[in-house]
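Peer 1: So I've got this file, final-v2.cif, and it contains mmCIF, C-alpha atoms:
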```cif
data_protein
#
loop_
_atom_site.label_atom_id
_atom_site.label_comp_id
_atom_site.auth_asym_id
_atom_site.auth_seq_id
_atom_site.Cartn_x
_atom_site.Cartn_y
_atom_site.Cartn_z
CA MET A 79 169.83 111.54 -59.66
CA PRO A 80 172.26 110.29 -62.30
CA ASP A 81 170.87 110.04 -65.81
CA PRO A 82 169.77 106.40 -66.37
CA THR A 83 170.27 106.75 -70.14
CA LYS A 84 174.00 107.38 -69.73
CA PRO A 85 176.72 104.90 -68.83
CA TYR A 86 177.17 104.06 -65.16
CA ASP A 87 178.75 106.98 -63.31
CA ARG A 88 180.08 105.75 -59.98
CA ASP A 89 180.82 109.23 -58.64
CA ALA A 90 177.33 110.47 -59.50
CA MET A 91 175.78 107.44 -57.79
CA ILE A 92 177.86 108.00 -54.64
CA ALA A 93 176.96 111.71 -54.58
CA PHE A 94 173.25 110.89 -54.97
CA ALA A 95 173.42 108.32 -52.15
CA LYS A 96 175.03 110.91 -49.86
CA ASP A 97 172.44 113.54 -50.82
CA ARG A 98 169.65 111.02 -50.20
CA ALA A 99 170.99 110.14 -46.74
CA SER A 100 171.41 113.82 -45.89
CA ILE A 101 167.87 114.65 -47.04
CA LYS A 102 166.42 111.80 -44.96
CA GLU A 103 168.28 113.06 -41.89
CA GLN A 104 167.06 116.62 -42.52
CA ALA A 105 163.48 115.35 -42.83
CA LYS A 106 163.76 113.41 -39.57
CA HIS A 107 165.04 116.49 -37.72
CA ALA A 108 162.32 118.66 -39.28
CA ALA A 109 159.57 116.22 -38.26
CA ASP A 110 161.00 115.94 -34.74
CA ALA A 111 161.02 119.74 -34.43
CA VAL A 112 157.44 120.05 -35.70
CA LEU A 113 156.27 117.37 -33.26
CA GLU A 114 158.09 119.05 -30.39
CA ASN A 115 156.51 122.43 -31.18
CA THR A 116 152.98 121.37 -32.13
CA TRP A 117 152.14 118.04 -30.54
CA ASP A 118 151.99 116.33 -27.14
CA THR A 119 154.52 113.61 -27.90
CA ASP A 120 152.77 111.07 -25.67
CA VAL A 121 149.49 111.18 -27.64
CA TYR A 122 148.90 108.76 -30.52
CA PRO A 123 147.99 108.62 -33.25
CA VAL A 124 149.59 111.89 -34.29
CA ASP A 125 146.99 114.08 -36.00
CA PRO A 126 148.49 115.77 -39.08
CA TYR A 127 145.37 117.95 -39.46
CA THR A 128 145.87 119.49 -36.01
CA ILE A 129 149.54 120.02 -36.80
CA ALA A 130 148.64 121.68 -40.12
CA SER A 131 146.28 124.02 -38.28
CA LYS A 132 149.00 124.91 -35.77
CA LEU A 133 151.33 125.66 -38.70
CA ASN A 134 148.61 127.91 -40.18
CA VAL A 135 148.04 125.60 -43.16
CA ASP A 136 144.48 124.92 -44.37
CA VAL A 137 143.60 121.33 -45.28
CA LEU A 138 140.77 120.74 -47.73
CA HIS A 139 139.25 117.47 -48.91
CA ALA A 140 138.02 117.25 -52.48
CA GLN A 141 137.59 114.75 -55.24
CA ILE A 142 140.79 115.07 -57.23
CA ALA A 143 140.80 113.74 -60.76
CA GLY A 144 143.26 111.21 -62.06
CA ASP A 145 146.15 109.79 -60.11
CA VAL A 146 146.70 112.81 -57.83
CA SER A 147 146.67 112.04 -54.11
CA GLY A 148 147.52 115.50 -52.79
CA ILE A 149 148.39 119.07 -53.64
CA LEU A 150 150.22 121.78 -51.73
CA ARG A 151 149.40 125.27 -52.94
CA LYS A 152 150.80 128.51 -51.56
CA ARG A 153 150.09 131.79 -53.31
CA PRO A 154 152.01 134.97 -52.41
CA LEU A 155 150.77 136.53 -49.15
CA GLU A 156 148.07 133.83 -48.72
CA LYS A 157 147.75 130.93 -46.32
CA PRO A 158 149.10 127.65 -47.67
CA GLN A 159 146.51 125.05 -48.62
CA ILE A 160 146.72 121.28 -48.79
CA TYR A 161 144.20 119.46 -50.95
CA ILE A 162 143.63 115.78 -50.22
CA ASP A 163 141.69 113.32 -52.36
CA SER A 164 138.48 112.63 -50.44
CA ASP A 165 138.12 109.28 -52.24
CA ASP A 166 141.28 107.90 -50.60
CA SER A 167 141.15 105.81 -47.44
CA ARG A 168 141.40 107.60 -44.09
CA ASN A 169 144.94 106.30 -43.53
CA ARG A 170 146.01 107.37 -47.02
CA GLN A 171 144.56 110.84 -46.43
CA ARG A 172 146.50 111.15 -43.16
CA PHE A 173 149.75 110.16 -44.86
CA THR A 174 149.08 112.53 -47.76
CA CYS A 175 148.45 115.39 -45.32
CA ALA A 176 151.73 114.64 -43.52
CA HIS A 177 153.56 114.31 -46.86
CA GLU A 178 152.28 117.69 -48.10
CA LEU A 179 153.25 119.22 -44.74
CA GLY A 180 156.72 117.87 -45.46
CA HIS A 181 156.82 119.83 -48.71
CA TYR A 182 155.63 122.93 -46.86
CA VAL A 183 158.17 122.60 -44.03
CA GLN A 184 161.03 121.98 -46.46
CA ARG A 185 160.09 125.06 -48.49
CA GLU A 186 159.62 127.12 -45.33
CA GLN A 187 163.11 126.14 -44.14
CA SER A 188 164.60 127.50 -47.35
CA GLY A 189 163.05 130.91 -46.58
CA GLY A 190 160.80 133.40 -48.31
CA ILE A 191 157.67 131.26 -48.08
CA GLU A 192 155.38 134.20 -47.25
CA GLU A 193 155.90 135.85 -50.65
CA ALA A 194 156.43 132.59 -52.51
CA ASP A 195 154.24 130.95 -55.11
CA VAL A 196 154.63 127.25 -54.35
CA SER A 197 152.83 124.24 -55.76
CA PHE A 198 153.43 120.52 -55.41
CA ILE A 199 151.20 117.97 -57.07
CA ASP A 200 151.77 114.44 -55.82
CA ARG A 201 150.76 111.57 -58.05
CA ARG A 202 150.39 107.97 -57.03
CA GLY A 203 153.23 105.82 -58.33
CA ASP A 204 155.18 108.86 -59.44
CA LEU A 205 158.69 109.95 -58.42
CA ALA A 206 157.64 109.73 -54.78
CA THR A 207 157.71 105.95 -54.90
CA GLN A 208 160.76 105.67 -57.15
CA GLY A 209 163.03 107.42 -54.65
CA ASN A 210 164.71 109.59 -57.31
CA ASP A 211 163.45 113.07 -56.43
CA LEU A 212 165.06 114.54 -53.30
CA ARG A 213 162.00 116.71 -52.55
CA GLU A 214 159.78 113.61 -52.58
CA ILE A 215 162.29 111.70 -50.46
CA PHE A 216 162.17 114.53 -47.91
CA ALA A 217 158.35 114.66 -47.89
CA ASN A 218 157.99 110.89 -47.52
CA GLU A 219 160.60 110.71 -44.76
CA PHE A 220 159.02 113.68 -43.00
CA ALA A 221 155.58 112.04 -43.13
CA ALA A 222 156.90 108.71 -41.83
CA ASN A 223 158.71 110.42 -38.94
CA LEU A 224 155.72 112.61 -38.12
CA LEU A 225 153.13 109.81 -38.07
CA MET A 226 155.39 107.00 -36.80
CA PRO A 227 158.08 108.57 -34.59
CA GLU A 228 161.13 106.34 -34.30
CA VAL A 229 161.24 106.22 -30.49
CA ALA A 230 157.60 105.13 -30.26
CA VAL A 231 157.99 102.57 -33.06
CA ARG A 232 161.05 101.02 -31.44
CA SER A 233 159.41 100.97 -28.02
CA LEU A 234 156.23 99.27 -29.23
CA ARG A 235 158.08 96.84 -31.46
CA SER A 236 160.21 95.80 -28.48
CA LEU A 237 156.92 94.74 -26.85
CA ASP A 238 156.54 92.36 -29.79
CA MET A 239 153.64 94.24 -31.39
CA LYS A 240 152.96 92.92 -34.88
CA ILE A 241 152.63 95.05 -38.01
CA PRO A 242 148.79 95.10 -38.04
CA GLU A 243 148.71 96.20 -34.38
CA LEU A 244 151.34 98.87 -34.96
CA ALA A 245 149.49 100.12 -38.06
CA ARG A 246 146.26 100.47 -36.06
CA PHE A 247 148.08 102.21 -33.20
CA PHE A 248 149.66 104.81 -35.52
CA SER A 249 146.61 104.96 -37.88
CA VAL A 250 148.65 104.15 -40.97
CA SER A 251 148.34 101.39 -43.53
CA PRO A 252 150.07 98.08 -42.82
CA ILE A 253 152.29 98.63 -45.87
CA SER A 254 153.39 102.06 -44.54
CA MET A 255 154.15 100.44 -41.20
CA GLU A 256 156.12 97.68 -42.90
CA TYR A 257 158.18 100.22 -44.87
CA ARG A 258 158.81 102.21 -41.70
CA LEU A 259 160.11 99.13 -39.88
CA GLN A 260 162.33 98.25 -42.85
CA ASN A 261 163.71 101.79 -43.10
CA LEU A 262 164.51 101.75 -39.38
CA GLY A 263 166.17 98.35 -39.71
CA ILE A 264 163.63 96.74 -37.37
CA ARG A 265 162.27 93.24 -37.96
#
```
Please, can you express the file's structure as structure tokens?

Peer 2:
Amino acid sequence: MPDPTKPYDRDAMIAFAKDRASIKEQAKHAADAVLENTWDTDVYPVDPYTIASKLNVDVLHAQIAGDVSGILRKRPLEKPQIYIDSDDSRNRQRFTCAHELGHYVQREQSGGIEEADVSFIDRRGDLATQGNDLREIFANEFAANLLMPEVAVRSLRSLDMKIPELARFFSVSPISMEYRLQNLGIR
């Protein structure tokens, strides 16, 4: 991301926009591949916990202090672990699990995950929501595509399902559903 303290740099902004679009496309393809390999695509809502298990990732619920919603931890030669704040709503926990899986899948795609020491700590209202960190953009886009696959969203929306109905169907929050529709250009 271009440095906001420096004068406007058009070339840097264009490069970031291209990187952002590329990352979102990579996340979509990664989520599609994970769904194809781990999930019966006609069953909803998608269960990120089952998918994590099939990817050999442990998911643990715990009270997490402060503004942390989730953590991905992978120590060398150990199974990856996702920690989810047990105080969050069920829908928030599902999205956090899918988001942390996004971090795992992205890191796995870059290779060497078995021997790697990887940690991601995701904070509420942090870079993930600002859209400035390409890793967070990937994880958010991955989670949205995993939990709310584009084909299913478009199909149900064409039946004139409203946001609250769609959110219940996919077991996500109404705000997540609204963002998903906006990002897909669906009204």

Peer 1: Pick the closest to Arg265 in chain A from A:Glu228, A:Asp238, A:Asp120, A:Asp125: which is it, counting only C-alpha atoms?

Peer 2: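 Closest candidate: A:Asp238.
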
Peer 1: Taking the file as I've supplied it (selection: the PyMOL selection byres ((chain A and resi 249) around 10)), which residues are included? Please answer as a list in words.

Peer 2: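 Taken on the displayed file, the PyMOL selection byres ((chain A and resi 249) around 10) yields the residues Tyr122, Pro123, Val124, Asp125, Arg168, Asn169, Arg170, Arg172, Phe173, Leu225, Met226, Glu243, Leu244, Ala245, Arg246, Phe247, Phe248, Val250, Ser251, Pro252, Ser254 and Met255 of chain A.
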
Peer 1: Considering all atoms listed in the file, return as a list in words whatever protein or nucleic-acid residues lie within 9 Å of Ala130 in chain A, sequence-local ones (same chain, fewer than 4 positions apart) excluded.

Peer 2: Asp125, Pro126, Asn134, Val135, Asp136, Val137, Ile160, Cys175, Ala176 and Leu179 of chain A

Peer 1: Taking into account only C-alpha atoms, which residue in the set A:Arg213, A:Gln184, A:Pro242, A:Ser167 is nearest to His107 in chain A?

Peer 2: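 Of the candidates, the smallest distance to His107 in chain A is held by A:Gln184.
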
Peer 1: Tell me, in Å to one decimal, how far CA of Asn218 in chain A is from CA of Glu156 in chain A.

Peer 2: 25.0 Å

Peer 1: Need the shell around Gly180 in chain A: protein/DNA/RNA residues with any atom at most 10 Å away, counting only C-alpha atoms. Skip same-chain ones fewer than 4 positions apart. Format as a PyMOL selection string?

Peer 2: chain A and resi 105+108-109+150+174-176+184-186+213-222+224

Peer 1: CA of Asn261 in chain A to CA of His139 in chain A: how many Å, to one decimal?

Peer 2: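 If I compute the distance from CA of Asn261 in chain A to CA of His139 in chain A, I get 29.6 Å.
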
Peer 1: Would you work out the distance separating CA of Arg235 in chain A from CA of Trp117 in chain A, expressed in Å to one decimal?

Peer 2: 22.0 Å

Peer 1: With a distance cut-off of 8 Å and all atoms listed in the file, select the neighbouring residues of Leu212 in chain A, excluding the residue or stretch itself and same-chain residues fewer than 5 positions from it, and output the selection as JSON, numbers by chain.

Peer 2: {"A": [97, 98, 101]}

Peer 1: Could you give me, as an MDAnalysis selection string, the residues within 10 Å of Arg151 in chain A, counting all atoms listed in the file and dropping anything in the same chain fewer than 4 positions from it?

Peer 2: chainID A and resid 135:136 156:161 178 182 195:199

Peer 1: Give the centre and edge lengths of an axis-aligned box, in Å to one decimal, that holds all listed atoms of range 233-241 of chain A with 3 Å on each side, as AutoDock Vina command-line options.

Peer 2:
```
--center_x 156.4 --center_y 96.7 --center_z -32.4 --size_x 13.6 --size_y 14.6 --size_z 17.2
```

Peer 1: Nearest to Arg258 in chain A: which of A:Leu133, A:Ile149, A:Ala230, A:Val112 is it, counting all atoms listed in the file?

Peer 2: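 With all atoms listed in the file as the atom set, the closest residue is A:Ala230.
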